[in-house]
Each structure stands twice: as structure tokens, then as C-alpha cells.
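final-v6.cif, holding mmCIF, C-alpha atoms:
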data_query
#
loop_
_atom_site.label_atom_id
_atom_site.label_comp_id
_atom_site.auth_asym_id
_atom_site.auth_seq_id
_atom_site.Cartn_x
_atom_site.Cartn_y
_atom_site.Cartn_z
CA MET A 1280 1.17 -31.19 -39.79
CA ALA A 1281 3.46 -28.17 -39.35
CA ILE A 1282 2.15 -24.62 -39.67
CA ALA A 1283 4.91 -22.00 -39.52
CA THR A 1284 3.43 -19.67 -36.91
CA ILE A 1285 6.65 -17.73 -36.32
CA LYS A 1286 10.07 -17.86 -37.93
CA TRP A 1287 13.16 -15.73 -38.49
CA VAL A 1288 13.39 -14.53 -42.09
CA ASN A 1289 15.89 -12.10 -43.62
CA GLY A 1290 16.84 -10.40 -40.38
CA GLY A 1291 13.33 -10.16 -38.94
CA ALA A 1292 10.51 -12.19 -37.41
CA ARG A 1293 7.62 -13.26 -39.63
CA ILE A 1294 4.43 -14.24 -37.81
CA ILE A 1295 0.95 -15.29 -38.82
CA ASP A 1296 -1.50 -12.54 -37.89
CA GLN A 1297 -3.94 -14.66 -35.93
CA THR A 1298 -6.44 -11.82 -35.62
CA LYS A 1299 -7.21 -12.30 -39.34
CA LEU A 1300 -7.96 -16.04 -39.15
CA PRO A 1301 -9.89 -17.97 -40.32
CA ASN A 1302 -10.90 -15.65 -43.14
CA GLN A 1303 -7.42 -14.52 -44.21
CA LEU A 1304 -3.97 -16.05 -43.84
CA GLN A 1305 -1.80 -12.96 -43.50
CA TYR A 1306 1.70 -12.42 -42.14
CA ILE A 1307 3.31 -9.62 -40.18
CA ASP A 1308 7.00 -8.90 -40.73
CA CYS A 1309 8.38 -7.60 -37.44
CA ARG A 1310 11.46 -5.46 -38.06
CA ASP A 1311 11.61 -3.70 -34.70
CA VAL A 1312 10.83 -4.53 -31.09
CA LYS A 1313 7.80 -2.21 -30.90
CA THR A 1314 6.08 -4.12 -33.70
CA MET A 1315 6.72 -7.39 -31.86
CA TRP A 1316 5.45 -5.97 -28.56
CA GLN A 1317 2.25 -4.83 -30.25
CA ALA A 1318 1.81 -8.20 -31.96
CA ILE A 1319 2.01 -9.98 -28.61
CA LYS A 1320 -0.28 -7.50 -26.87
CA ARG A 1321 -3.05 -7.58 -29.49
CA LEU A 1322 -2.85 -11.39 -29.88
CA SER A 1323 -1.50 -11.43 -33.42
CA VAL A 1324 0.89 -13.95 -31.93
CA ARG A 1325 -0.43 -15.87 -28.90
CA GLY A 1326 -0.07 -19.13 -27.01
CA ALA A 1327 2.52 -19.47 -24.27
CA PRO A 1328 5.26 -21.27 -26.26
CA ALA A 1329 4.86 -18.99 -29.30
CA ILE A 1330 5.00 -15.92 -27.05
CA GLY A 1331 8.24 -17.24 -25.57
CA VAL A 1332 9.82 -17.54 -29.00
CA ALA A 1333 8.42 -14.15 -29.99
CA ALA A 1334 10.07 -12.63 -26.92
CA ALA A 1335 13.44 -14.14 -27.84
CA PHE A 1336 13.10 -12.82 -31.38
CA GLY A 1337 12.02 -9.47 -29.95
CA VAL A 1338 15.32 -9.22 -28.08
CA LEU A 1339 17.13 -9.67 -31.39
CA LEU A 1340 14.97 -7.01 -33.02
CA GLY A 1341 15.68 -4.57 -30.20
CA THR A 1342 19.44 -5.02 -30.20
CA GLN A 1343 20.56 -5.94 -33.71
CA GLN A 1344 20.66 -2.34 -34.95
CA PHE A 1345 23.02 -1.25 -32.17
CA LYS A 1346 26.05 0.50 -33.63
CA GLY A 1347 29.47 0.59 -32.07
CA HIS A 1348 31.40 -1.54 -29.61
CA ASP A 1349 30.55 -0.02 -26.23
CA ARG A 1350 29.52 -3.06 -24.16
CA ALA A 1351 27.99 -0.97 -21.38
CA LYS A 1352 25.73 0.92 -23.79
CA PHE A 1353 24.78 -2.30 -25.54
CA LEU A 1354 23.84 -3.94 -22.24
CA LYS A 1355 21.74 -0.91 -21.30
CA LEU A 1356 19.79 -1.30 -24.54
CA PHE A 1357 19.60 -5.08 -24.07
CA HIS A 1358 18.08 -4.89 -20.58
CA LYS A 1359 15.73 -2.09 -21.64
CA THR A 1360 14.52 -4.30 -24.51
CA CYS A 1361 13.94 -7.28 -22.21
CA ASP A 1362 12.07 -5.16 -19.67
CA TYR A 1363 9.91 -3.66 -22.40
CA LEU A 1364 8.93 -7.03 -23.85
CA ALA A 1365 8.08 -8.28 -20.35
CA THR A 1366 5.27 -5.70 -20.16
CA SER A 1367 3.39 -7.11 -23.16
CA ARG A 1368 1.39 -9.82 -21.36
CA PRO A 1369 1.51 -10.94 -17.70
CA THR A 1370 0.23 -14.52 -17.44
CA ALA A 1371 2.19 -16.73 -19.87
CA VAL A 1372 5.36 -17.60 -17.97
CA ASN A 1373 7.12 -18.71 -21.17
CA LEU A 1374 7.51 -15.02 -21.99
CA PHE A 1375 9.55 -14.42 -18.85
CA ASN A 1376 11.38 -17.74 -18.96
CA MET A 1377 12.63 -17.11 -22.49
CA LEU A 1378 13.63 -13.53 -21.67
CA ASN A 1379 15.60 -14.97 -18.76
CA ALA A 1380 17.18 -17.48 -21.12
CA MET A 1381 18.31 -14.57 -23.28
CA ARG A 1382 19.59 -12.70 -20.23
CA MET A 1383 21.65 -15.74 -19.30
CA VAL A 1384 23.71 -15.18 -22.45
CA VAL A 1385 25.05 -11.98 -20.91
CA THR A 1386 25.52 -13.55 -17.48
CA GLU A 1387 27.40 -16.52 -18.91
CA ASN A 1388 29.70 -14.38 -21.06
CA PRO A 1389 30.96 -11.49 -18.91
CA GLN A 1390 33.97 -10.84 -21.13
CA ALA A 1391 32.27 -11.07 -24.52
CA ASP A 1392 32.38 -7.98 -26.71
CA VAL A 1393 29.34 -6.56 -28.51
CA THR A 1394 29.95 -8.47 -31.73
CA LEU A 1395 30.20 -11.79 -29.91
CA LEU A 1396 27.18 -11.02 -27.71
CA LYS A 1397 25.05 -10.36 -30.77
CA LYS A 1398 26.16 -13.68 -32.24
CA LEU A 1399 25.50 -15.57 -29.00
CA LEU A 1400 22.07 -13.97 -28.57
CA PHE A 1401 21.12 -15.01 -32.08
CA GLN A 1402 22.26 -18.57 -31.39
CA ARG A 1403 20.24 -18.68 -28.16
CA ALA A 1404 17.09 -17.41 -29.87
CA MET A 1405 17.44 -20.03 -32.61
CA ALA A 1406 17.99 -22.71 -29.96
CA ILE A 1407 14.75 -21.64 -28.22
CA PHE A 1408 12.96 -21.87 -31.57
CA LYS A 1409 14.30 -25.35 -32.34
CA GLU A 1410 13.64 -26.63 -28.83
CA ASP A 1411 9.97 -25.70 -29.16
CA GLN A 1412 9.76 -27.70 -32.38
CA ALA A 1413 11.29 -30.74 -30.70
CA VAL A 1414 9.42 -30.71 -27.40
CA CYS A 1415 6.01 -30.24 -29.05
CA ARG A 1416 6.51 -33.41 -31.04
CA GLN A 1417 7.68 -35.26 -27.93
CA MET A 1418 4.59 -34.13 -26.01
CA GLY A 1419 2.39 -35.09 -28.93
CA ASP A 1420 3.79 -38.60 -28.99
CA HIS A 1421 3.36 -39.04 -25.22
CA GLY A 1422 -0.18 -37.70 -25.27
CA ALA A 1423 -1.22 -39.73 -28.33
CA LYS A 1424 -0.82 -42.89 -26.25
CA LEU A 1425 -3.87 -41.77 -24.26
CA ILE A 1426 -6.10 -41.78 -27.33
CA LYS A 1427 -7.79 -45.04 -28.25
CA ASN A 1428 -9.53 -45.76 -31.54
CA GLY A 1429 -13.05 -44.38 -31.62
CA MET A 1430 -12.51 -41.84 -28.84
CA GLN A 1431 -14.43 -38.58 -28.80
CA CYS A 1432 -12.04 -35.88 -27.60
CA MET A 1433 -12.57 -32.30 -26.50
CA THR A 1434 -10.38 -29.21 -26.32
CA VAL A 1435 -10.72 -25.53 -25.43
CA CYS A 1436 -9.12 -22.40 -26.88
CA ASN A 1437 -6.20 -23.03 -29.25
CA ALA A 1438 -3.22 -25.03 -28.08
CA GLY A 1439 -2.09 -25.98 -31.56
CA ALA A 1440 0.53 -25.04 -34.09
CA LEU A 1441 -0.67 -21.44 -33.86
CA ALA A 1442 0.18 -21.39 -30.15
CA THR A 1443 3.69 -22.73 -30.69
CA VAL A 1444 6.35 -22.55 -33.38
CA ASP A 1445 4.68 -25.03 -35.72
CA TYR A 1446 3.07 -28.09 -34.08
CA GLY A 1447 1.18 -27.52 -30.87
CA THR A 1448 0.73 -28.78 -27.32
CA ALA A 1449 -2.81 -30.11 -26.82
CA LEU A 1450 -3.48 -30.24 -30.57
CA GLY A 1451 -0.07 -31.79 -31.07
CA VAL A 1452 -1.54 -34.83 -29.30
CA PHE A 1453 -4.16 -35.06 -32.04
CA TYR A 1454 -1.56 -34.62 -34.79
CA SER A 1455 0.59 -37.39 -33.35
CA ALA A 1456 -2.47 -39.64 -32.93
CA LYS A 1457 -3.38 -39.10 -36.57
CA LYS A 1458 0.20 -39.85 -37.57
CA ALA A 1459 -0.14 -43.11 -35.65
CA LYS A 1460 -3.26 -43.81 -37.79
CA LYS A 1461 -5.67 -43.72 -34.87
CA THR A 1462 -9.33 -42.94 -35.51
CA PHE A 1463 -10.93 -40.32 -33.27
CA SER A 1464 -12.98 -37.13 -33.35
CA VAL A 1465 -12.64 -33.75 -31.65
CA TYR A 1466 -15.14 -31.32 -30.13
CA SER A 1467 -13.73 -27.79 -30.14
CA LEU A 1468 -15.20 -25.26 -27.72
CA GLU A 1469 -15.61 -21.90 -29.46
CA THR A 1470 -13.92 -20.13 -26.50
CA ARG A 1471 -15.55 -16.81 -25.78
CA PRO A 1472 -14.98 -13.94 -26.01
CA LEU A 1473 -12.38 -14.05 -28.82
CA LEU A 1474 -13.35 -17.43 -30.29
CA GLN A 1475 -9.87 -18.93 -30.48
CA GLY A 1476 -11.45 -22.38 -30.56
CA ALA A 1477 -13.74 -21.52 -33.45
CA ARG A 1478 -11.36 -19.32 -35.42
CA LEU A 1479 -8.03 -21.04 -34.81
CA THR A 1480 -8.45 -24.60 -33.55
CA CYS A 1481 -11.11 -25.49 -36.09
CA TRP A 1482 -9.03 -23.84 -38.82
CA GLU A 1483 -6.05 -26.00 -37.88
CA LEU A 1484 -7.88 -29.29 -37.42
CA CYS A 1485 -9.90 -28.91 -40.61
CA ARG A 1486 -6.70 -28.20 -42.56
CA GLN A 1487 -5.35 -31.49 -41.23
CA LYS A 1488 -8.59 -33.33 -42.06
CA ILE A 1489 -9.23 -34.30 -38.46
CA ASP A 1490 -12.91 -35.01 -37.69
CA THR A 1491 -13.89 -31.82 -35.85
CA THR A 1492 -17.16 -30.48 -34.45
CA LEU A 1493 -17.50 -26.90 -33.19
CA ILE A 1494 -19.65 -26.30 -30.11
CA CYS A 1495 -20.50 -23.30 -27.95
CA ASP A 1496 -18.76 -23.26 -24.58
CA ASN A 1497 -22.03 -23.89 -22.72
CA MET A 1498 -22.71 -27.12 -24.63
CA ALA A 1499 -19.87 -29.08 -23.04
CA ALA A 1500 -21.86 -30.33 -20.03
CA SER A 1501 -24.67 -31.57 -22.25
CA LEU A 1502 -22.26 -33.62 -24.35
CA MET A 1503 -20.59 -35.12 -21.28
CA GLY A 1504 -23.99 -35.96 -19.82
CA LYS A 1505 -24.76 -37.93 -22.98
CA ASP A 1506 -21.44 -39.84 -22.71
CA LYS A 1507 -20.16 -38.25 -25.90
CA VAL A 1508 -16.82 -37.11 -24.48
CA ASP A 1509 -14.11 -39.65 -23.61
CA ILE A 1510 -11.11 -37.42 -22.89
CA ILE A 1511 -10.19 -33.71 -22.76
CA PHE A 1512 -6.89 -32.03 -23.62
CA ALA A 1513 -6.06 -28.39 -22.87
CA GLY A 1514 -2.93 -26.27 -23.02
CA ALA A 1515 -1.50 -24.05 -20.29
CA ASP A 1516 0.04 -20.61 -19.87
CA ARG A 1517 1.56 -21.20 -16.44
CA ILE A 1518 1.75 -24.20 -14.10
CA ALA A 1519 2.52 -23.77 -10.42
CA SER A 1520 4.72 -26.18 -8.49
CA ASN A 1521 1.63 -27.87 -6.99
CA GLY A 1522 0.08 -28.52 -10.41
CA ASP A 1523 -2.45 -25.67 -10.44
CA THR A 1524 -2.73 -24.50 -14.03
CA ALA A 1525 -3.63 -21.20 -15.67
CA ASN A 1526 -5.17 -21.48 -19.11
CA LYS A 1527 -7.72 -19.63 -21.23
CA ILE A 1528 -10.84 -18.55 -19.35
CA GLY A 1529 -13.34 -21.40 -19.36
CA THR A 1530 -10.80 -24.15 -18.77
CA TYR A 1531 -11.61 -24.29 -15.05
CA MET A 1532 -15.30 -24.68 -15.86
CA LEU A 1533 -14.48 -27.50 -18.28
CA ALA A 1534 -12.35 -29.29 -15.68
CA VAL A 1535 -15.14 -29.10 -13.07
CA LEU A 1536 -17.59 -30.59 -15.57
CA ALA A 1537 -15.11 -33.31 -16.48
CA LYS A 1538 -14.63 -34.25 -12.83
CA HIS A 1539 -18.40 -34.50 -12.30
CA HIS A 1540 -18.85 -36.69 -15.38
CA GLN A 1541 -15.69 -38.75 -14.72
CA VAL A 1542 -14.05 -37.67 -17.98
CA PRO A 1543 -10.21 -37.68 -17.90
CA PHE A 1544 -8.86 -34.12 -18.13
CA TYR A 1545 -5.26 -33.59 -19.27
CA ILE A 1546 -3.03 -30.54 -19.54
CA VAL A 1547 -0.34 -30.56 -22.25
CA ALA A 1548 2.58 -28.17 -21.70
CA PRO A 1549 6.39 -28.06 -21.91
CA ARG A 1550 8.79 -27.46 -19.05
CA SER A 1551 9.04 -23.77 -20.08
CA THR A 1552 5.42 -23.32 -18.92
CA PHE A 1553 6.17 -24.47 -15.36
CA ASP A 1554 6.77 -21.77 -12.75
CA LEU A 1555 8.40 -23.69 -9.94
CA LYS A 1556 8.98 -20.52 -7.94
CA ILE A 1557 5.31 -20.26 -7.02
CA LYS A 1558 3.50 -22.66 -4.71
CA SER A 1559 -0.02 -22.49 -6.12
CA GLY A 1560 -2.25 -20.98 -8.76
CA ARG A 1561 -3.24 -18.19 -6.38
CA GLN A 1562 0.11 -16.57 -7.15
CA ILE A 1563 -0.42 -16.55 -10.92
CA PRO A 1564 -1.14 -13.05 -12.26
CA ILE A 1565 -4.31 -13.03 -14.34
CA GLU A 1566 -4.47 -10.63 -17.26
CA GLU A 1567 -7.63 -8.56 -17.59
CA ARG A 1568 -8.38 -7.29 -21.08
CA GLN A 1569 -10.43 -4.48 -22.57
CA ARG A 1570 -14.21 -4.43 -22.27
CA GLU A 1571 -14.76 -4.23 -26.04
CA GLU A 1572 -13.75 -7.87 -26.43
CA VAL A 1573 -16.96 -8.76 -24.58
CA THR A 1574 -19.30 -5.97 -25.63
CA GLN A 1575 -18.53 -6.12 -29.34
CA PHE A 1576 -18.32 -8.79 -32.00
CA THR A 1577 -16.62 -8.02 -35.32
CA GLY A 1578 -17.21 -4.35 -34.66
CA ILE A 1579 -20.91 -4.73 -33.81
CA THR A 1580 -21.96 -3.68 -30.30
CA THR A 1581 -23.77 -6.50 -28.51
CA ALA A 1582 -24.27 -5.02 -25.03
CA PRO A 1583 -25.47 -1.74 -23.48
CA LYS A 1584 -22.74 0.89 -23.29
CA ALA A 1585 -23.40 1.47 -19.59
CA VAL A 1586 -22.91 -2.16 -18.52
CA LYS A 1587 -19.88 -3.06 -16.45
CA VAL A 1588 -17.59 -5.76 -17.88
CA TYR A 1589 -15.29 -8.28 -16.21
CA ASN A 1590 -12.92 -9.79 -18.77
CA PRO A 1591 -10.13 -11.96 -17.33
CA ALA A 1592 -8.21 -13.70 -20.10
CA PHE A 1593 -7.40 -16.75 -17.98
CA ASP A 1594 -8.61 -18.81 -15.05
CA VAL A 1595 -6.82 -21.29 -12.80
CA THR A 1596 -7.69 -24.98 -12.74
CA PRO A 1597 -6.85 -26.60 -9.37
CA ALA A 1598 -4.51 -29.56 -9.55
CA ASN A 1599 -7.07 -31.94 -8.05
CA LEU A 1600 -9.17 -31.62 -11.23
CA ILE A 1601 -6.30 -32.60 -13.54
CA SER A 1602 -5.81 -36.28 -14.46
CA GLY A 1603 -2.28 -35.75 -15.73
CA ILE A 1604 0.13 -33.22 -17.23
CA VAL A 1605 1.67 -34.26 -20.54
CA THR A 1606 5.22 -32.92 -20.95
CA GLU A 1607 8.18 -33.70 -23.18
CA TYR A 1608 9.42 -35.92 -20.33
CA GLY A 1609 6.25 -38.01 -20.25
CA ILE A 1610 2.98 -37.79 -18.35
CA ILE A 1611 3.11 -36.46 -14.79
CA ARG A 1612 0.47 -37.94 -12.47
CA PRO A 1613 -0.66 -36.90 -8.98
CA PRO A 1614 0.62 -36.19 -6.41
CA TYR A 1615 1.93 -33.20 -8.36
CA ILE A 1616 3.87 -31.52 -5.55
CA LYS A 1617 6.11 -34.57 -5.43
CA ASN A 1618 6.11 -35.71 -9.04
CA ILE A 1619 6.63 -32.33 -10.72
CA LYS A 1620 9.84 -31.90 -8.72
CA THR A 1621 10.92 -35.38 -9.75
CA VAL A 1622 10.22 -34.96 -13.47
CA ILE A 1623 10.74 -31.28 -14.28
CA PRO A 1624 14.26 -29.77 -14.09
CA THR A 1625 14.55 -26.85 -11.69
CA LYS A 1626 15.83 -24.58 -14.44
CA VAL A 1627 13.63 -23.98 -17.45
CA GLY A 1628 14.36 -22.67 -20.89
CA ILE A 1629 17.59 -23.03 -22.85
CA HIS A 1630 20.66 -23.33 -20.65
#

Go ahead and express the file in the form of C-alpha cells.
Amino acid sequence: MAIATIKWVNGGARIIDQTKLPNQLQYIDCRDVKTMWQAIKRLSVRGAPAIGVAAAFGVLLGTQQFKGHDRAKFLKLFHKTCDYLATSRPTAVNLFNMLNAMRMVVTENPQADVTLLKKLLFQRAMAIFKEDQAVCRQMGDHGAKLIKNGMQCMTVCNAGALATVDYGTALGVFYSAKKAKKTFSVYSLETRPLLQGARLTCWELCRQKIDTTLICDNMAASLMGKDKVDIIFAGADRIASNGDTANKIGTYMLAVLAKHHQVPFYIVAPRSTFDLKIKSGRQIPIEERQREEVTQFTGITTAPKAVKVYNPAFDVTPANLISGIVTEYGIIRPPYIKNIKTVIPTKVGIH
């Protein structure tokens, strides 16, 4: 089931260029931090867990060429690199959590020289990479228990191998269910405006020979009204301490429809996606992207040049619309304010 979305190869980070899918499977070899920053910004690498790993690898790229043994100068470059990577995208908290995990290397080793710090930073980045591999499979196994034979599932955007190191969050549930030899089908919302559901999710699921049907975003209600959807799984980019969840724009709409039609709606996300410092989704910063993503399609203009455009990349689904949150620790049920604190460790990331 694994698709190597991002990995460390020969002193650099190799990532799948997701802007080229599904037509071309191409890779980008990131040899410097600027290339990684641009890859995150333009969505060549995307998905909260994958962005977290990319950030850790970006720290390595920004510091590995440092010459000399001056710890103070090295730390200046290190913090500058972390701050720079933090400006790439604002919503996915994994980015900041993994940068903090890298910063902890310095905090935990106040006497380490430059050579040792480089070694320890590399070890931490590899630990972040391996943890993502492990927790995605754990989440997949927990979530697969929710799927019964014959179920018709639904998902939005791409929360698969392409959004993580190699397995997925929401789609990892489907991969684990297939591994368990369960029979089911999946409706994938195309996910406007950048069609991550059509381009990426369908690409993944078809490669794995999972029964998949692509639909436009505005067809979801019709399917639910015809009792053709039994369960919905979505990923997340940030989860507040009360269970409010930021995910790709359109997820909130899907959750409202699911509530109306009494369809169970689940979020699948690791502990690194939880932001326990914020009380609700109102405190989650929402990235707004360029107008051309809405007014153009594959280079063809589809709207008047004078029209105003509102293009938030994410929306926030209130906790009361979520049936459960699948994590590597198991499935968290309401009340979330109480149960998230019980299940999720206060500290996130590698420590």
C-alpha cells in the first residue's frame, strides 16, 4: 500500500511533485531549504503530516552545509531556518509541531558542539519520519474496525499516502480495511478548486484497486439522500482542544450534510495534528490562497477578470458534527473537551 511521498536520499529530500499528478509521476530533489519552502508553499508536498516531515527535512537542508565549529553562528542559522520554514503555510499545525521538535534538540543539548548537534538533528528528523510511518498504520487499523462489509464510504480532499510519508490518515483506514479483506467502496469528492480528491485520492485508490467513484463536491447531498453513503472519513490539518477541526475547504459542508442525513462522520489524524494550546476552531488561522486557483483551470481562464475571489484553503468543522476522531491511540468520542485531554499527551511530536 505504501507510496513513498517523501524520503531522505543521498543527503537531500526527494518528494513526489503532487502538482503533476495524476498525469505524471515526477520527483523533486530538494537540496536546499529554499527549494523545500517553495515545494510546501506551492503544494508540491502537502497534507499536514507530510508537511511536518518536510519541515524537519528542511531544517537539515538549511543547516547541513554550515562550515566551522562556532556554536553561536550555527544556532543563528538554525533558528533562521526554522523561522523561514514556518512562513510557508499557516494552517497545518504539524509544520510548527515538527519545527518545535527540531528546536527541542538544541534545548535538550545545551553543551553539544556543532558536529554533535548536526548528528542529533538528523536523528530527530529520521525519528519524525519513522513515527509518521508507524502512527498512520496504527490509525488505519483502528479506523478499519468501523468499516463493515458492503459499506459505501466517502472522503474529501486527499488524506492518503500523498499527505503523509507513505500510508495516509483517512485513506489509511481504507488500506487497512482492504488488508483485512473487507469489501467496501469509496466515493471521492473532487475537492475544488485544486481537485485533490480527483487528482490525488482517485490516483491512490485506483492504484490500490479499491472500488472508487469520483463525484463533484455538490453531489454529496444527493448521494446521502438516496442512502448511498454509510460512513465518511476525512483528514485534518489542525484540531483544537475542544475537537473543532480544520481541514480542506468543503469538509464543514460535508459534515453538515452528514449530520442531517445521520451518516457517521469521522476525522482521522495523529497526535501531531492536535493543537492543545487553543480552545476552539475560531483560533485556527485559515490560509487564503491566490485568486488564480479559482479563476483558472489548467491555465484556462474560467471567470471574468474583474470578479472578486474569496479562496480560503480550509474551513473549520465544529466538534458537534464529528462522530469520532481516529488517532494512533484509538478512537476519541465526545465529549471531546474531556476525552482529548485523557487520550492525547500534552506534548506532541518527537520528544

Counting all atoms listed in the file, give me one row per residue of region 1521-1573 of chain A with an atom at most 12 Å from an atom of region 1474-1487 of chain A, showing the shortest contact pair and its distance in Å to one decimal, sorted by chain then residue number, as a tab-separated table.
residue	atom	partner	partner_atom	distance
A:Lys1527	CA	A:Gln1475	CA	9.5
A:Ile1528	CA	A:Gln1475	CA	11.2
A:Gly1529	CA	A:Gly1476	CA	11.4
A:Thr1530	CA	A:Gly1476	CA	11.9
A:Glu1572	CA	A:Leu1474	CA	10.3
A:Val1573	CA	A:Leu1474	CA	11.0

Q: Kindly resolve the PyMOL selection byres ((chain A and resi 1337) around 10) on the present coordinates and return the residues as a list in words.
A: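 With the PyMOL selection byres ((chain A and resi 1337) around 10) on this model, the match is Gly1291, Ala1292, Cys1309, Arg1310, Asp1311, Val1312, Lys1313, Thr1314, Met1315, Trp1316, Ile1330, Gly1331, Val1332, Ala1333, Ala1334, Ala1335, Phe1336, Val1338, Leu1339, Leu1340, Gly1341, Thr1342, Gln1343, Thr1360, Cys1361, Tyr1363, Leu1364, Leu1378 and Ala1404 of chain A.
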
Q.
Can you spell out as a PyMOL selection string the set of residues that the PyMOL selection byres ((chain A and resi 1446-1458) around 9) selects in the structure I just provided?
A. chain A and resi 1280-1284+1328+1411-1412+1414-1416+1418-1427+1434+1437-1445+1459-1463+1465+1480+1483-1484+1487+1489+1512-1515+1545-1549+1605-1606

Q | Point (-2.9, -14.0, -39.5), cut-off 12 Å, counting only C-alpha atoms, residues as JSON, numbers by chain | A | {"A": [1282, 1283, 1284, 1285, 1293, 1294, 1295, 1296, 1297, 1298, 1299, 1300, 1301, 1302, 1303, 1304, 1305, 1306, 1307, 1308, 1318, 1321, 1322, 1323, 1324, 1325, 1441, 1478, 1479, 1482]}

**Q.** Nearest to Met1498 (chain A) by atom-to-atom distance, counting all atoms listed in the file, from A:Phe1345, A:Tyr1466, A:Phe1401, A:Tyr1589
**A.** A:Tyr1466
